[in-house]
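Engineer: To start, I am sharing the structure in question, which I have written as structure tokens.
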Amino acid sequence: MRYQLKEQIALRSWWLVPYAYYRRGTRNAFGLKKEEFELLCRCDGRQELEESALLSALAERGLCAPCQGAGGLTPWQRPLACENRYFPAMNWMITGKCNYNCLHCFNAADNAPLMDEWSLAEAERLLDQARDCGINAFTITGGEPMLHRQFFEIMQGICERGMYVEELNTNGFFLDQQALDRLRSMGCLPLIKLSFDGLGHHDWLRNRQGAEADALRAIRLCRENGFQVMVQTNVHKRNLESMLPTIKRMEALGVNRMRIIRTTEAPRWVCNGGAYTLTLREYFDAMVALLARCKEELEYMELDIWQLLTFFPAQRSYRLRPVLCEAGTYRDTIPVCRGNRGMVAVAANGNVFPCHQMSGYYEQHSDSLGNVKREGLQKLLQSGRYLDEVCTTVGVLKARNQTCAACPYFPYCTGGCRAVALALTGDKLGCDPSKCLFFRERYEKKIAEALRDYHNDTPIHT
């Protein structure tokens, strides 16, 4: 009997992860046992296989099925051995250019405009390299990515190679019916992550008159066309009072998820709006008060309050964001940031970073971890400074940082966010002050009081 991989399954191998598969449309790979992988490698629709309990079990899991036709796998499905470490995703800044001049842009080391951009030929080479390294999912960002003249060709190139666009970060200015139709026609249906910084305040932070009207138009249009929308909102002293009306408007527009982010001390924001920065305590206190009001106002829209919690009104529950390890799951070998360990951040000039939120600081201090355009992606995913940084473990952080090592909450926060620690302390392995404040002042208790009758999915036992 001939068996063939199901059309949404692709087999992959990496250093240290030799037996795995992707399921189309899902970012991370799933592990397999050696015998499972080897049998699935023979499920190409052409080889005769003996029926077995293992083959039946793989079919029941939706990985393969009896082949009735001529058989054969697509290029994406065929087993691929990647000579590098496992990275399933890329956060790719295809251009640094932007039609706005945002006061807080974390990609910038100062107020100079970012002019770097990937040419189409460079982009095609990177996409080939990404495919060969086993990259599966992309977050496309900028600058304003849709300002790139070959934006749609780049999106098409991702899809043609069997990879997919998971998220598109945009200010919404270029989103119109024609653009959405073109994305849909190529099978590209990313989560649209739109910036919106408060009713009556968006134009100021984006430094562009009419930005608010354009963003609202884009949100409506995306939802009318069935695209999932996540709104990202920077909060500071000027727009704090607009948060609840903004949240209510976003839910009324059908936004699926909203993320509120404390406008943090990135180099450009310090220059332009540092006086409006909420201290960590002001931010936490304001957000706890906001949550108490949201409990009565929200019906379904998920609310992600940066560094504090994710709020699920439909399920009447929440997850504490500072709890990066649930009780009993800590181990010294966990990466200092699991998000960075799974997603390569590539800038418009080709530089790589642990995450784009750290890129302005790295550029300001001429701290280079490698450049894809000069060195190639696979080399950077084999060895070097970039790999050393993103593979740094919490055990190393703990050994370097006596404050964290002595803290009873370290097994929960694992030192916190590296971008925040770097921005506020200048130390890549320093304490994240936001997590220290959260646990020291027992904000989990203040949240529980504000969200009575809601279930905490991440309890703290200490």
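Residues are referred to by chain and number: the chain letter is A, B, ... according to the order shown in the structure tokens, the number counts from 1 in that chain, and ligands are numbered separately from 1 in the order shown.
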Determine which residues of segment 179-359 of chain A DSSP labels as helix (DSSP H, G or I) from the backbone of this structure, then write them out as a count of residues only.
Structural biologist: 76
Engineer: Quick one: residues within 12 Å of Ser52 of chain A, only C-alpha atoms, excluding same-chain residues fewer than 2 positions away - as a short mmCIF file (atom, residue, chain, number, x, y, z; two decimals) with C-alpha atoms, in the first residue's frame?
Structural biologist:
```
data_model
loop_
_atom_site.label_atom_id
_atom_site.label_comp_id
_atom_site.auth_asym_id
_atom_site.auth_seq_id
_atom_site.Cartn_x
_atom_site.Cartn_y
_atom_site.Cartn_z
CA MET A 1 0.00 0.00 0.00
CA TYR A 3 0.98 6.25 1.68
CA GLU A 36 8.16 7.84 13.09
CA LEU A 39 8.61 5.95 8.17
CA LEU A 49 4.71 0.13 2.43
CA GLU A 50 3.65 -2.74 4.62
CA LEU A 54 2.94 2.56 13.55
CA LEU A 55 1.72 3.51 10.08
CA SER A 56 -1.89 3.34 11.24
CA ALA A 57 -1.06 5.51 14.26
CA LEU A 58 0.60 8.16 12.06
CA ALA A 59 -2.44 8.17 9.78
#
```
Engineer: I'd like the neighbourhood of Phe311 of chain A as a list in words, where a residue qualifies if any of its atoms comes within 6 Å (using only C-alpha atoms), though same-chain residues fewer than 4 positions away should be ignored.
Structural biologist: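 Here the answer would be Glu302, Leu303 and Tyr318 of chain A.
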Engineer: Give me, as a PyMOL selection string, all polymer residues having an atom no more than 12 Å from Lys445 of chain A, counting only C-alpha atoms and skipping those fewer than 3 positions away in the same chain.
Structural biologist: chain A and resi 288+320+438-442+448-452+456+459-460
Engineer: Pull C-alpha atoms from the residues just selected and write them as an mmCIF file, in the first residue's frame.
Structural biologist:
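Printed below is part-v2.cif as written:
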```cif
data_model
loop_
_atom_site.group_PDB
_atom_site.id
_atom_site.type_symbol
_atom_site.label_atom_id
_atom_site.label_comp_id
_atom_site.auth_asym_id
_atom_site.auth_seq_id
_atom_site.Cartn_x
_atom_site.Cartn_y
_atom_site.Cartn_z
ATOM 1 C CA VAL A 288 -4.667 47.912 37.405
ATOM 2 C CA LEU A 320 0.146 37.222 34.416
ATOM 3 C CA PHE A 438 5.749 43.625 40.107
ATOM 4 C CA PHE A 439 6.841 40.882 42.478
ATOM 5 C CA ARG A 440 8.211 43.067 45.254
ATOM 6 C CA GLU A 441 4.997 45.080 45.497
ATOM 7 C CA ARG A 442 2.821 41.978 45.037
ATOM 8 C CA ALA A 448 -6.750 39.721 41.847
ATOM 9 C CA GLU A 449 -8.606 42.388 43.826
ATOM 10 C CA ALA A 450 -9.387 44.385 40.671
ATOM 11 C CA LEU A 451 -10.515 41.249 38.818
ATOM 12 C CA ARG A 452 -12.599 39.499 41.419
ATOM 13 C CA ASN A 456 -5.764 33.525 37.322
ATOM 14 C CA PRO A 459 -0.830 31.440 40.092
ATOM 15 C CA ILE A 460 2.278 32.260 42.132
#
```
Engineer: I'd like to know which of A:Arg257, A:Gln402, A:Arg268, A:Glu297 is closest to Ser359 of chain A, using only C-alpha atoms.
Structural biologist: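 Closest candidate: A:Arg268.
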Engineer: Counting only C-alpha atoms, figure out which residue out of A:Thr170, A:Asn207, A:Asn101, A:Thr26 gets nearest to Ala89 of chain A.
Structural biologist: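 Of the candidates, the smallest distance to Ala89 of chain A is held by A:Thr26.
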Engineer: Any idea what's packed within 12 Å of Val344 of chain A, counting only C-alpha atoms, ignoring anything in its chain fewer than 3 positions away? Could you give it as a PyMOL selection string?
Structural biologist: chain A and resi 85-93+130+133-140+338-341+347+350-356+369-372+377-378+380-381+386-387+389-391
Engineer: Using DSSP assignments from the backbone, pull out every residue in segment 25-148 of chain A that falls under strand (DSSP E) and give it to me as a list of chain:residue names.
Structural biologist: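 Secondary structure check on segment 25-148 of chain A, strand (DSSP E): A:Phe30, A:Gly31, A:Asp44, A:Gly45, A:Arg46, A:Gln47, A:Glu48, A:Cys64, A:Ala65, A:Pro66, A:Leu80, A:Ala81, A:Cys82, A:Glu83, A:Asn84, A:Arg85, A:Ala89, A:Met90, A:Asn91, A:Trp92, A:Met93, A:Ala137, A:Phe138, A:Thr139, A:Ile140, A:Thr141.
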